[in-house]
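Okay, target_26.cif is below, mmCIF, C-alpha atoms and all ligand atoms:
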data_final
loop_
_atom_site.label_atom_id
_atom_site.label_comp_id
_atom_site.auth_asym_id
_atom_site.auth_seq_id
_atom_site.Cartn_x
_atom_site.Cartn_y
_atom_site.Cartn_z
CA MET A 765 -16.38 -19.97 6.08
CA ILE A 766 -12.80 -19.04 5.29
CA LYS A 767 -12.81 -15.30 5.75
CA PHE A 768 -10.94 -13.08 3.34
CA LEU A 769 -9.29 -11.37 6.31
CA ASP A 770 -10.06 -12.14 9.95
CA LEU A 771 -9.20 -8.82 11.60
CA GLU A 772 -10.61 -9.84 14.95
CA LYS A 773 -8.27 -12.82 15.07
CA ILE A 774 -5.33 -10.77 13.78
CA ASN A 775 -5.61 -8.09 16.47
CA ASN A 776 -6.67 -10.32 19.35
CA ARG A 777 -3.27 -12.02 19.23
CA PHE A 778 -1.96 -8.81 20.82
CA ARG A 779 -4.94 -8.17 23.08
CA SER A 780 -3.23 -7.96 26.45
CA GLU A 781 -0.37 -5.77 25.25
CA ILE A 782 -2.75 -3.44 23.41
CA ASP A 783 -5.03 -3.24 26.47
CA SER A 784 -2.14 -2.33 28.68
CA ARG A 785 -0.71 0.31 26.30
CA ILE A 786 -4.14 1.94 25.88
CA GLY A 787 -4.59 1.80 29.66
CA LYS A 788 -1.39 3.77 30.08
CA ILE A 789 -2.65 6.45 27.69
CA LEU A 790 -5.87 6.74 29.69
CA ASP A 791 -3.84 7.04 32.90
CA LYS A 792 -1.80 9.83 31.39
CA GLY A 793 -4.63 11.66 29.67
CA TRP A 794 -2.43 12.69 26.71
CA TYR A 795 -3.93 11.83 23.33
CA LEU A 796 -2.06 13.57 20.52
CA GLN A 797 1.59 14.19 19.71
CA GLY A 798 2.99 12.49 22.75
CA ASP A 799 5.42 9.71 23.62
CA GLU A 800 3.57 6.96 21.76
CA ASN A 801 3.79 8.86 18.49
CA GLU A 802 7.48 9.61 19.10
CA THR A 803 8.28 5.99 19.95
CA PHE A 804 6.40 4.45 17.07
CA SER A 805 7.72 6.97 14.53
CA SER A 806 11.26 6.32 15.62
CA ASN A 807 10.78 2.53 15.54
CA PHE A 808 9.13 2.59 12.13
CA ALA A 809 11.85 4.86 10.72
CA ASN A 810 14.44 2.34 11.95
CA TYR A 811 12.46 -0.53 10.52
CA CYS A 812 12.35 1.12 7.08
CA GLY A 813 15.97 2.24 7.35
CA VAL A 814 15.17 5.96 6.97
CA LYS A 815 15.99 9.07 9.00
CA HIS A 816 12.47 10.37 9.46
CA CYS A 817 8.96 9.06 9.99
CA ILE A 818 6.08 11.48 10.52
CA GLY A 819 2.77 10.04 11.70
CA VAL A 820 -0.34 11.47 10.01
CA ALA A 821 -4.07 10.80 9.96
CA ASN A 822 -4.24 8.36 7.02
CA GLY A 823 -2.53 7.18 3.84
CA LEU A 824 -4.26 9.62 1.50
CA ASP A 825 -3.14 12.53 3.68
CA ALA A 826 0.40 11.16 3.67
CA LEU A 827 0.48 11.27 -0.15
CA ASN A 828 -1.21 14.66 -0.18
CA LEU A 829 1.27 16.14 2.30
CA ILE A 830 4.29 14.91 0.35
CA ILE A 831 3.03 16.63 -2.81
CA LYS A 832 2.20 19.81 -0.86
CA ALA A 833 5.57 19.88 0.87
CA PHE A 834 7.38 19.58 -2.45
CA GLY A 835 5.33 22.59 -3.54
CA PHE A 836 3.77 20.94 -6.59
CA GLY A 837 0.51 22.45 -7.84
CA ALA A 838 -1.45 23.69 -10.84
CA GLY A 839 0.31 23.07 -14.12
CA ASP A 840 2.57 20.35 -12.72
CA GLU A 841 2.33 16.77 -13.94
CA ILE A 842 2.93 13.69 -11.83
CA ILE A 843 3.31 10.26 -13.39
CA VAL A 844 1.35 7.49 -11.66
CA PRO A 845 0.25 3.94 -12.57
CA ALA A 846 -3.18 3.64 -14.20
CA ASN A 847 -3.66 0.44 -12.21
CA THR A 848 -3.82 1.54 -8.57
CA TYR A 849 -6.21 2.28 -5.76
CA ILE A 850 -7.79 5.65 -6.50
CA ALA A 851 -6.10 7.34 -3.48
CA SER A 852 -2.77 7.60 -5.31
CA ILE A 853 -4.44 9.58 -8.08
CA LEU A 854 -6.72 11.64 -5.83
CA ALA A 855 -3.72 12.96 -3.92
CA ILE A 856 -2.32 14.32 -7.17
CA SER A 857 -5.54 15.97 -8.34
CA GLN A 858 -6.33 17.36 -4.90
CA ASN A 859 -3.16 19.43 -5.13
CA GLY A 860 -4.20 20.79 -8.53
CA CYS A 861 -1.57 18.72 -10.35
CA THR A 862 -2.32 16.59 -13.39
CA PRO A 863 -2.02 12.80 -12.98
CA ILE A 864 -0.39 11.20 -16.02
CA LEU A 865 -1.40 7.56 -16.14
CA VAL A 866 1.00 4.82 -17.17
CA GLU A 867 0.02 1.24 -17.96
CA PRO A 868 1.17 -1.64 -15.71
CA ASP A 869 3.04 -4.82 -16.51
CA ILE A 870 0.46 -7.60 -16.70
CA GLY A 871 2.74 -10.07 -14.87
CA THR A 872 3.58 -7.99 -11.77
CA TYR A 873 0.52 -5.66 -11.95
CA ASN A 874 2.95 -2.79 -11.14
CA ILE A 875 3.78 0.24 -13.30
CA ASN A 876 5.73 -0.75 -16.42
CA PRO A 877 9.02 1.18 -16.09
CA ASN A 878 9.56 0.98 -19.86
CA LEU A 879 6.47 3.07 -20.59
CA ILE A 880 7.36 6.03 -18.38
CA GLU A 881 9.88 7.97 -20.42
CA GLU A 882 7.49 8.65 -23.32
CA LYS A 883 5.13 10.38 -20.85
CA ILE A 884 7.72 12.82 -19.48
CA THR A 885 7.21 16.47 -20.54
CA ASP A 886 8.51 19.91 -19.47
CA LYS A 887 5.77 19.94 -16.85
CA THR A 888 6.62 16.62 -15.22
CA LYS A 889 7.69 17.07 -11.60
CA ALA A 890 7.59 13.59 -10.11
CA ILE A 891 7.05 9.89 -10.64
CA MET A 892 4.77 8.28 -8.07
CA VAL A 893 5.24 4.52 -7.87
CA VAL A 894 2.75 2.26 -6.10
CA HIS A 895 4.01 -1.01 -4.63
CA LEU A 896 0.71 -2.63 -5.53
CA TYR A 897 -0.67 -5.72 -3.77
CA GLY A 898 2.48 -5.82 -1.61
CA GLN A 899 5.17 -6.11 -4.27
CA ALA A 900 8.01 -3.57 -4.48
CA VAL A 901 8.31 -1.88 -7.85
CA GLN A 902 11.61 -2.59 -9.65
CA MET A 903 13.12 0.84 -9.10
CA GLU A 904 16.34 0.85 -11.12
CA LYS A 905 14.89 2.32 -14.32
CA ILE A 906 12.77 4.78 -12.35
CA TRP A 907 15.80 6.10 -10.46
CA GLN A 908 17.62 6.52 -13.78
CA LEU A 909 14.75 8.50 -15.28
CA ALA A 910 14.41 10.67 -12.19
CA LYS A 911 18.08 11.52 -12.38
CA LYS A 912 18.05 12.16 -16.12
CA TYR A 913 15.03 14.49 -16.01
CA ASN A 914 15.53 15.88 -12.49
CA LEU A 915 12.28 14.49 -11.08
CA LYS A 916 11.25 13.57 -7.56
CA VAL A 917 10.27 9.99 -6.86
CA ILE A 918 7.37 9.39 -4.48
CA GLU A 919 6.38 5.96 -3.19
CA ASP A 920 2.86 4.90 -2.33
CA SER A 921 3.80 2.10 0.09
CA ALA A 922 0.30 1.68 1.55
CA GLN A 923 0.18 -2.01 0.60
CA ALA A 924 3.79 -3.05 1.06
CA HIS A 925 5.09 -2.44 4.61
CA GLY A 926 8.31 -4.40 4.95
CA ALA A 927 8.87 -5.40 1.30
CA PHE A 928 12.40 -5.18 -0.05
CA TYR A 929 13.83 -3.94 -3.30
CA GLN A 930 17.39 -5.25 -3.42
CA GLN A 931 18.82 -4.45 0.05
CA LYS A 932 16.40 -1.69 1.03
CA ARG A 933 12.86 -1.71 2.23
CA VAL A 934 10.02 0.21 0.61
CA GLY A 935 9.74 3.61 2.24
CA ASN A 936 13.47 4.02 1.63
CA LEU A 937 13.48 3.84 -2.17
CA SER A 938 12.56 7.41 -3.05
CA ASP A 939 12.54 11.04 -1.97
CA ALA A 940 9.49 10.43 0.21
CA SER A 941 7.09 7.59 0.84
CA ALA A 942 3.52 7.39 2.08
CA PHE A 943 2.18 4.55 4.22
CA SER A 944 -1.37 3.76 5.30
CA PHE A 945 -2.21 1.96 8.53
CA TYR A 946 -5.84 1.32 7.60
CA PRO A 947 -6.94 -1.76 9.61
CA GLY A 948 -6.68 -4.23 6.71
CA LYS A 949 -3.13 -3.31 5.65
CA ASN A 950 -0.18 -5.56 6.56
CA LEU A 951 0.54 -3.14 9.40
CA GLY A 952 -2.87 -1.83 10.42
CA CYS A 953 -4.17 0.13 13.40
CA MET A 954 -7.65 0.23 14.93
CA GLY A 955 -8.99 3.13 12.93
CA ASP A 956 -7.28 5.44 10.46
CA GLY A 957 -3.57 6.15 10.44
CA GLY A 958 -0.67 6.81 8.11
CA CYS A 959 2.86 8.14 7.93
CA ILE A 960 5.51 9.63 5.70
CA THR A 961 9.06 8.33 5.59
CA THR A 962 11.99 10.24 4.12
CA ASN A 963 15.73 10.85 4.43
CA ASP A 964 15.27 14.52 3.50
CA ASP A 965 15.59 16.70 6.66
CA GLU A 966 13.98 19.73 5.10
CA LEU A 967 11.04 17.82 3.65
CA ALA A 968 10.49 16.05 6.98
CA ALA A 969 10.32 19.34 8.89
CA LYS A 970 7.98 20.81 6.30
CA VAL A 971 5.60 17.83 6.26
CA LYS A 972 5.53 17.80 10.05
CA ALA A 973 4.63 21.48 10.19
CA ILE A 974 2.03 21.38 7.39
CA ALA A 975 0.34 18.37 9.03
CA ASN A 976 0.02 20.36 12.26
CA TYR A 977 -1.74 23.53 11.08
CA GLY A 978 1.40 24.74 9.35
CA SER A 979 2.96 25.27 12.74
CA ASP A 980 6.66 24.75 13.46
CA ARG A 981 6.14 25.70 17.10
CA LYS A 982 3.07 26.40 19.17
CA TYR A 983 0.91 29.26 17.84
CA HIS A 984 3.49 30.08 15.17
CA HIS A 985 2.19 29.29 11.68
CA ILE A 986 4.52 29.36 8.72
CA TYR A 987 2.35 27.43 6.22
CA LYS A 988 -1.37 27.32 5.44
CA GLY A 989 -1.42 23.87 6.95
CA VAL A 990 -3.93 21.14 7.66
CA ASN A 991 -4.79 18.99 10.66
CA SER A 992 -3.51 15.48 10.03
CA ARG A 993 -1.99 13.67 12.98
CA LEU A 994 -1.55 10.09 14.14
CA ASP A 995 -3.18 9.84 17.56
CA GLU A 996 -1.56 8.23 20.60
CA ILE A 997 -3.86 5.21 20.74
CA GLN A 998 -3.20 4.29 17.10
CA ALA A 999 0.53 4.86 17.51
CA ALA A 1000 0.58 2.53 20.54
CA VAL A 1001 -1.33 -0.19 18.68
CA LEU A 1002 1.05 0.11 15.72
CA ASP A 1003 4.09 -0.03 17.97
CA VAL A 1004 2.86 -3.30 19.49
CA LYS A 1005 2.13 -4.82 16.06
CA LEU A 1006 5.32 -3.60 14.37
CA LYS A 1007 7.37 -6.14 16.34
CA PHE A 1008 5.47 -8.95 14.60
CA LEU A 1009 5.36 -7.48 11.10
CA ASP A 1010 8.28 -9.47 9.69
CA GLU A 1011 6.90 -12.70 11.13
CA ASP A 1012 3.45 -11.94 9.73
CA ASN A 1013 4.87 -11.11 6.32
CA GLN A 1014 6.86 -14.35 6.39
CA ARG A 1015 3.68 -16.32 7.02
CA ARG A 1016 2.05 -14.53 4.09
CA ARG A 1017 5.03 -15.53 1.91
CA GLU A 1018 4.70 -19.14 3.04
CA ILE A 1019 1.02 -19.24 2.11
CA SER A 1020 1.72 -17.52 -1.19
CA LYS A 1021 4.44 -20.03 -2.01
CA TYR A 1022 2.11 -22.91 -1.19
CA TYR A 1023 -0.58 -21.39 -3.44
CA ARG A 1024 1.88 -20.81 -6.28
CA GLU A 1025 3.24 -24.35 -6.07
CA ASN A 1026 -0.04 -26.18 -5.58
CA ILE A 1027 -2.79 -24.31 -7.38
CA LYS A 1028 -2.94 -26.06 -10.72
CA ASN A 1029 -5.92 -25.09 -12.77
CA PRO A 1030 -5.63 -24.01 -16.41
CA LYS A 1031 -8.41 -21.47 -15.87
CA ILE A 1032 -6.53 -19.63 -13.13
CA ILE A 1033 -3.49 -17.40 -13.77
CA LEU A 1034 -1.26 -17.03 -10.73
CA PRO A 1035 0.60 -13.83 -9.74
CA LYS A 1036 4.32 -13.49 -10.41
CA THR A 1037 7.14 -12.17 -8.28
CA TYR A 1038 10.70 -11.48 -9.33
CA ASP A 1039 12.17 -12.08 -5.88
CA GLU A 1040 10.56 -13.59 -2.76
CA LYS A 1041 11.70 -10.77 -0.45
CA SER A 1042 10.25 -8.10 -2.72
CA HIS A 1043 6.70 -9.22 -1.98
CA VAL A 1044 4.72 -9.10 1.28
CA TRP A 1045 1.49 -10.41 -0.30
CA HIS A 1046 -0.90 -7.79 1.02
CA VAL A 1047 -3.34 -9.57 -1.26
CA PHE A 1048 -3.02 -12.66 -3.44
CA VAL A 1049 -4.47 -11.71 -6.79
CA VAL A 1050 -5.24 -14.33 -9.43
CA ARG A 1051 -6.79 -13.79 -12.84
CA THR A 1052 -9.51 -15.65 -14.71
CA THR A 1053 -11.70 -14.86 -17.68
CA GLU A 1054 -14.67 -16.32 -15.77
CA ARG A 1055 -14.44 -14.13 -12.71
CA ASP A 1056 -18.09 -13.95 -11.69
CA ARG A 1057 -18.59 -17.68 -12.02
CA PHE A 1058 -15.35 -18.42 -10.17
CA GLN A 1059 -16.24 -16.02 -7.35
CA LYS A 1060 -19.67 -17.62 -6.95
CA TYR A 1061 -18.08 -21.09 -6.93
CA LEU A 1062 -15.71 -20.07 -4.13
CA GLN A 1063 -18.56 -18.45 -2.21
CA ASP A 1064 -20.59 -21.68 -2.54
CA ASN A 1065 -17.57 -23.49 -1.10
CA ASP A 1066 -17.32 -21.11 1.88
CA ILE A 1067 -14.34 -19.12 0.64
CA GLN A 1068 -14.61 -15.35 0.77
CA THR A 1069 -12.97 -13.28 -1.97
CA ILE A 1070 -12.64 -9.56 -2.82
CA ILE A 1071 -11.84 -7.74 -6.07
CA HIS A 1072 -9.01 -5.20 -5.87
CA TYR A 1073 -10.46 -3.35 -7.77
CA PRO A 1074 -13.51 -3.84 -9.98
CA THR A 1075 -13.29 -0.47 -11.79
CA PRO A 1076 -10.06 1.32 -12.74
CA PRO A 1077 -9.69 5.00 -11.77
CA HIS A 1078 -10.03 6.22 -15.37
CA LYS A 1079 -13.48 4.61 -15.61
CA GLN A 1080 -14.77 6.12 -12.36
CA GLY A 1081 -17.38 8.88 -12.26
CA ALA A 1082 -14.93 11.07 -10.34
CA TYR A 1083 -12.72 11.16 -13.44
CA SER A 1084 -15.43 11.46 -16.11
CA GLU A 1085 -12.96 13.46 -18.24
CA TRP A 1086 -11.01 10.19 -18.69
CA ASN A 1087 -13.90 7.79 -19.17
CA ASN A 1088 -13.37 7.56 -22.94
CA LEU A 1089 -9.64 6.96 -22.70
CA SER A 1090 -8.34 3.47 -23.18
CA TYR A 1091 -5.76 1.72 -20.99
CA PRO A 1092 -6.18 -1.85 -22.25
CA ILE A 1093 -3.79 -3.61 -19.86
CA THR A 1094 -5.28 -1.86 -16.85
CA GLU A 1095 -8.77 -2.73 -18.07
CA GLU A 1096 -7.82 -6.35 -18.73
CA ILE A 1097 -6.49 -6.59 -15.17
CA HIS A 1098 -9.57 -4.99 -13.62
CA ASN A 1099 -11.87 -7.28 -15.61
CA THR A 1100 -10.15 -10.52 -14.65
CA ILE A 1101 -8.64 -10.18 -11.15
CA ILE A 1102 -9.90 -11.69 -7.94
CA SER A 1103 -8.15 -11.84 -4.55
CA ILE A 1104 -8.27 -15.09 -2.59
CA PRO A 1105 -7.73 -15.27 1.19
CA ILE A 1106 -4.24 -14.70 2.56
CA SER A 1107 -3.37 -13.55 6.06
CA PRO A 1108 -0.98 -14.34 8.91
CA VAL A 1109 -3.73 -16.05 10.92
CA MET A 1110 -4.90 -18.52 8.26
CA THR A 1111 -4.35 -22.10 9.37
CA ASP A 1112 -2.61 -24.75 7.25
CA SER A 1113 -5.87 -26.61 6.83
CA GLU A 1114 -7.60 -23.47 5.56
CA VAL A 1115 -4.79 -22.87 3.08
CA LYS A 1116 -5.03 -26.48 1.88
CA LYS A 1117 -8.77 -26.22 1.52
CA VAL A 1118 -8.47 -23.10 -0.66
CA VAL A 1119 -6.09 -24.99 -2.97
CA GLU A 1120 -8.29 -28.08 -3.15
CA VAL A 1121 -11.39 -26.06 -3.91
CA ILE A 1122 -9.63 -24.04 -6.64
CA ASN A 1123 -8.13 -27.16 -8.19
CA GLY A 1124 -11.59 -28.69 -8.26
CA TYR A 1125 -13.01 -25.78 -10.29
CA ILE A 1126 -14.03 -26.83 -13.80
C1 LIG B 1201 -5.02 2.06 1.37
C2 LIG B 1201 -4.34 2.78 0.29
C3 LIG B 1201 -4.19 4.18 0.30
C4 LIG B 1201 -4.89 5.10 1.23
O1 LIG B 1201 -4.76 4.86 2.55
P1 LIG B 1201 -5.86 5.37 3.60
O2 LIG B 1201 -5.19 5.21 4.90
O3 LIG B 1201 -7.07 4.53 3.44
O4 LIG B 1201 -6.14 6.81 3.29
C5 LIG B 1201 -3.41 4.76 -0.69
N1 LIG B 1201 -2.85 4.02 -1.66
C6 LIG B 1201 -3.01 2.69 -1.72
C7 LIG B 1201 -2.33 1.93 -2.83
C8 LIG B 1201 -3.77 2.02 -0.77
O5 LIG B 1201 -3.93 0.71 -0.85
#
Translate this structure into structure tokens?
Amino acid sequence: MIKFLDLEKINNRFRSEIDSRIGKILDKGWYLQGDENETFSSNFANYCGVKHCIGVANGLDALNLIIKAFGFGAGDEIIVPANTYIASILAISQNGCTPILVEPDIGTYNINPNLIEEKITDKTKAIMVVHLYGQAVQMEKIWQLAKKYNLKVIEDSAQAHGAFYQQKRVGNLSDASAFSFYPGKNLGCMGDGGCITTNDDELAAKVKAIANYGSDRKYHHIYKGVNSRLDEIQAAVLDVKLKFLDEDNQRRREISKYYRENIKNPKIILPKTYDEKSHVWHVFVVRTTERDRFQKYLQDNDIQTIIHYPTPPHKQGAYSEWNNLSYPITEEIHNTIISIPISPVMTDSEVKKVVEVINGYI
């Protein structure tokens, strides 16, 4: 069986270093807000090219905290792609703001920058972009709109650690960016984790305080904060894995390139990228009008697949107020996509087998 993602194999490459770092934490007996968090945050900030990185409990919290720290709430609108993982949208509604959905581009699956301006109103406060499936959004137009209408730009970078737009990495393309370190992400820990990156000193201090009970120093509470922290064990694991992130992403690019050059089947539409460095291939998403049959065929040939995602946010029960709305491109994507295996630990023979099996599909 070719697994969709072999997490055991991915993490066991670093087994001895992880064991030793966790051992040191046990020796010290210090589990939250210590040296490991400091070290990783500083290394990840450098990696992204930003001034600040604040570790938090997970990716959803990271998005939530950015919106809170900007002070957005009831009556404010935030623009977000209709085609995304539901977390991006939940973070907006959880703060009492209204998510304004924008259709994606069917080629890149990312928000279509040309459809944003018509959605901007007096209430719009921010544009949240999502670098979906690992590909950086083309930001130029979004920066222009933000400037013209005085809006904040927020990145959901949960799927795109290390991807570039022009000369800068994601996490450094906006006012503030959220990352998730959920185990299956390109940079994943061994539980839940996330962070916020920003070049804004004031925002960084505010996010840090809100995430720690609204406290800027011990027992001194200036905000009605929350408890959302990256623990020492997760920070240590991430710090070990960060050193290999570029190499891992490069291997993903290699596999993706091989797929794009060698999968030749008229029934399968391959994903597009506008620049090799802009994509870190968190998932490799193809489209077909015969998804169920294709998925069963791959399963019968020992290839595991996943659908990211079968139901778009506006068709979910959680957003029943939107269920009758129509976002045809988003729906077309959700009805036809399927993700085939891609990961830094796939072997050449596994990659070849995936291609052969797909090319043999009739
Ligand atoms: C994973 C993910 C999140 C949420 O991250 P968690 O750490 O699971 O809370 C948010 N947005 C996107 C696009 C994601 O893929």
Q | Protein and nucleic residues near ligand LIG 1201 (chain B), 7 Å, only C-alpha atoms and all ligand atoms, as a PyMOL selection string | A | chain A and resi 822-825+848-849+851-852+894+896+920-923+944-946+956-958
Hey, what's within 12 Å of Lys1021 of chain A if we count all atoms listed in the file and toss same-chain stuff fewer than 3 positions away? As a PDB file with C-alpha atoms, keeping the file's coordinate frame, please?
ATOM      1  CA  GLN A1014       6.860 -14.350   6.390  1.00  0.00           C
ATOM      2  CA  ARG A1015       3.680 -16.320   7.020  1.00  0.00           C
ATOM      3  CA  ARG A1016       2.050 -14.530   4.090  1.00  0.00           C
ATOM      4  CA  ARG A1017       5.030 -15.530   1.910  1.00  0.00           C
ATOM      5  CA  GLU A1018       4.700 -19.140   3.040  1.00  0.00           C
ATOM      6  CA  ARG A1024       1.880 -20.810  -6.280  1.00  0.00           C
ATOM      7  CA  GLU A1025       3.240 -24.350  -6.070  1.00  0.00           C
ATOM      8  CA  ASN A1026      -0.040 -26.180  -5.580  1.00  0.00           C
ATOM      9  CA  ILE A1027      -2.790 -24.310  -7.380  1.00  0.00           C
ATOM     10  CA  LEU A1034      -1.260 -17.030 -10.730  1.00  0.00           C
ATOM     11  CA  PRO A1035       0.600 -13.830  -9.740  1.00  0.00           C
ATOM     12  CA  LYS A1036       4.320 -13.490 -10.410  1.00  0.00           C
ATOM     13  CA  THR A1037       7.140 -12.170  -8.280  1.00  0.00           C
ATOM     14  CA  ASP A1039      12.170 -12.080  -5.880  1.00  0.00           C
ATOM     15  CA  GLU A1040      10.560 -13.590  -2.760  1.00  0.00           C
ATOM     16  CA  LYS A1041      11.700 -10.770  -0.450  1.00  0.00           C
ATOM     17  CA  HIS A1043       6.700  -9.220  -1.980  1.00  0.00           C
ATOM     18  CA  VAL A1044       4.720  -9.100   1.280  1.00  0.00           C
ATOM     19  CA  TRP A1045       1.490 -10.410  -0.300  1.00  0.00           C
ATOM     20  CA  PHE A1048      -3.020 -12.660  -3.440  1.00  0.00           C
ATOM     21  CA  ILE A1106      -4.240 -14.700   2.560  1.00  0.00           C
ATOM     22  CA  VAL A1115      -4.790 -22.870   3.080  1.00  0.00           C
ATOM     23  CA  VAL A1119      -6.090 -24.990  -2.970  1.00  0.00           C
TER      24      VAL A1119
END
Q. Of the residues A:Leu790, A:Leu769, A:Val866, A:Ile856, which is the one nearest to Asp840 of chain A, using all atoms listed in the file?
A. A:Ile856
Within 6 Å of (9.7, 9.3, -7.4), only C-alpha atoms: residues as an mmCIF file with C-alpha atoms, in the frame of the given file?
data_model
loop_
_atom_site.group_PDB
_atom_site.id
_atom_site.type_symbol
_atom_site.label_atom_id
_atom_site.label_comp_id
_atom_site.auth_asym_id
_atom_site.auth_seq_id
_atom_site.Cartn_x
_atom_site.Cartn_y
_atom_site.Cartn_z
ATOM 1 C CA ALA A 890 7.590 13.590 -10.110
ATOM 2 C CA ILE A 891 7.050 9.890 -10.640
ATOM 3 C CA MET A 892 4.770 8.280 -8.070
ATOM 4 C CA LYS A 916 11.250 13.570 -7.560
ATOM 5 C CA VAL A 917 10.270 9.990 -6.860
ATOM 6 C CA ILE A 918 7.370 9.390 -4.480
ATOM 7 C CA SER A 938 12.560 7.410 -3.050
#
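Closest to Gln902 of chain A among A:Tyr1038, A:Trp794, A:Tyr1083, A:Phe1008 is A:Tyr1038, based on all atoms listed in the file.
Of the listed residues A:Ser1020, A:Thr1075, A:Asn1088, A:Asn950, the one whose atoms come nearest to Asp1112 of chain A is A:Ser1020, with distances taken using only C-alpha atoms.
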(Q) What's the separation between atom CA of Ile1126 of chain A and atom CA of Ile1033 of chain A, in Å to one decimal place? (A)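 Calculated distance between atom CA of Ile1126 of chain A and atom CA of Ile1033 of chain A is 14.1 Å.
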Q.
Just checking: using only C-alpha atoms, which residue out of A:Lys773, A:Arg785, A:His925, A:Lys982 ends up closest to Ala999 of chain A?
A. A:Arg785
Report the centre and edge lengths, in Å to one decimal, of an axis-aligned box enclosing every atom of segment 1068-1085 of chain A listed in the file, padded by 5 Å on each side, as AutoDock Vina command-line options.
--center_x -13.2 --center_y -0.9 --center_z -8.7 --size_x 18.4 --size_y 38.8 --size_z 29.0
**Q.** Best match for closeness to Gln1059 of chain A among A:Asn1123, A:Ser857, A:Gln797, A:Ser1103, counting all atoms listed in the file
**A.**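 Result for the nearest residue to Gln1059 of chain A: A:Ser1103.
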Q | Within 8 Å of Val934 of chain A using only C-alpha atoms, minus same-chain residues under 5 positions, as a ChimeraX atom specification | A | /A:812,900,919,921,924-929,941
Q) Which of these residues is nearest to Val1049 of chain A, using all atoms listed in the file: A:His1078, A:Arg777, A:His1098, A:Lys1031? A) A:His1098
(Q) The residues within 7 Å of (2.2, 15.8, -8.0), using all atoms listed in the file and the coordinates of the file, should be reported as a list in words; which are they? (A) Ile831, Phe836, Gly837, Asp840, Glu841, Ile842, Ile856, Cys861, Lys889 and Ala890 of chain A
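In this model, the gap between atom CA of Tyr1091 of chain A and atom CA of Ile884 of chain A comes to 17.5 Å.
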Q) Suppose you want the space between atom CA of Ala942 of chain A and atom CA of Leu829 of chain A; what is it in Å? A)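 Rounded to one decimal, the two atoms are 9.0 Å apart.
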Within 12 Å of segment 961-977 of chain A, which residues of segment 809-871 of chain A show up? Give each one with its shortest atom-to-atom distance in Å (one decimal) and the two atoms involved, counting all atoms listed in the file, rows by chain then rising residue number, as JSON lines.
{"residue": "A:Ala809", "atom": "CA", "partner": "A:Thr961", "partner_atom": "CA", "distance": 6.8}
{"residue": "A:Asn810", "atom": "CA", "partner": "A:Thr961", "partner_atom": "CA", "distance": 10.3}
{"residue": "A:Tyr811", "atom": "CA", "partner": "A:Thr961", "partner_atom": "CA", "distance": 10.7}
{"residue": "A:Cys812", "atom": "CA", "partner": "A:Thr961", "partner_atom": "CA", "distance": 8.1}
{"residue": "A:Gly813", "atom": "CA", "partner": "A:Asn963", "partner_atom": "CA", "distance": 9.1}
{"residue": "A:Val814", "atom": "CA", "partner": "A:Asn963", "partner_atom": "CA", "distance": 5.5}
{"residue": "A:Lys815", "atom": "CA", "partner": "A:Asn963", "partner_atom": "CA", "distance": 4.9}
{"residue": "A:His816", "atom": "CA", "partner": "A:Thr962", "partner_atom": "CA", "distance": 5.4}
{"residue": "A:Cys817", "atom": "CA", "partner": "A:Thr961", "partner_atom": "CA", "distance": 4.5}
{"residue": "A:Ile818", "atom": "CA", "partner": "A:Lys972", "partner_atom": "CA", "distance": 6.4}
{"residue": "A:Gly819", "atom": "CA", "partner": "A:Lys972", "partner_atom": "CA", "distance": 8.4}
{"residue": "A:Val820", "atom": "CA", "partner": "A:Ala975", "partner_atom": "CA", "distance": 7.0}
{"residue": "A:Ala821", "atom": "CA", "partner": "A:Ala975", "partner_atom": "CA", "distance": 8.8}
{"residue": "A:Asn822", "atom": "CA", "partner": "A:Ala975", "partner_atom": "CA", "distance": 11.2}
{"residue": "A:Gly823", "atom": "CA", "partner": "A:Thr961", "partner_atom": "CA", "distance": 11.8}
{"residue": "A:Asp825", "atom": "CA", "partner": "A:Ala975", "partner_atom": "CA", "distance": 8.7}
{"residue": "A:Ala826", "atom": "CA", "partner": "A:Val971", "partner_atom": "CA", "distance": 8.8}
{"residue": "A:Leu827", "atom": "CA", "partner": "A:Val971", "partner_atom": "CA", "distance": 10.5}
{"residue": "A:Asn828", "atom": "CA", "partner": "A:Val971", "partner_atom": "CA", "distance": 9.9}
{"residue": "A:Leu829", "atom": "CA", "partner": "A:Val971", "partner_atom": "CA", "distance": 6.1}
{"residue": "A:Ile830", "atom": "CA", "partner": "A:Val971", "partner_atom": "CA", "distance": 6.7}
{"residue": "A:Ile831", "atom": "CA", "partner": "A:Val971", "partner_atom": "CA", "distance": 9.5}
{"residue": "A:Lys832", "atom": "CA", "partner": "A:Val971", "partner_atom": "CA", "distance": 8.1}
{"residue": "A:Ala833", "atom": "CA", "partner": "A:Val971", "partner_atom": "CA", "distance": 5.8}
{"residue": "A:Phe834", "atom": "CA", "partner": "A:Leu967", "partner_atom": "CA", "distance": 7.3}
{"residue": "A:Gly835", "atom": "CA", "partner": "A:Lys970", "partner_atom": "CA", "distance": 10.3}
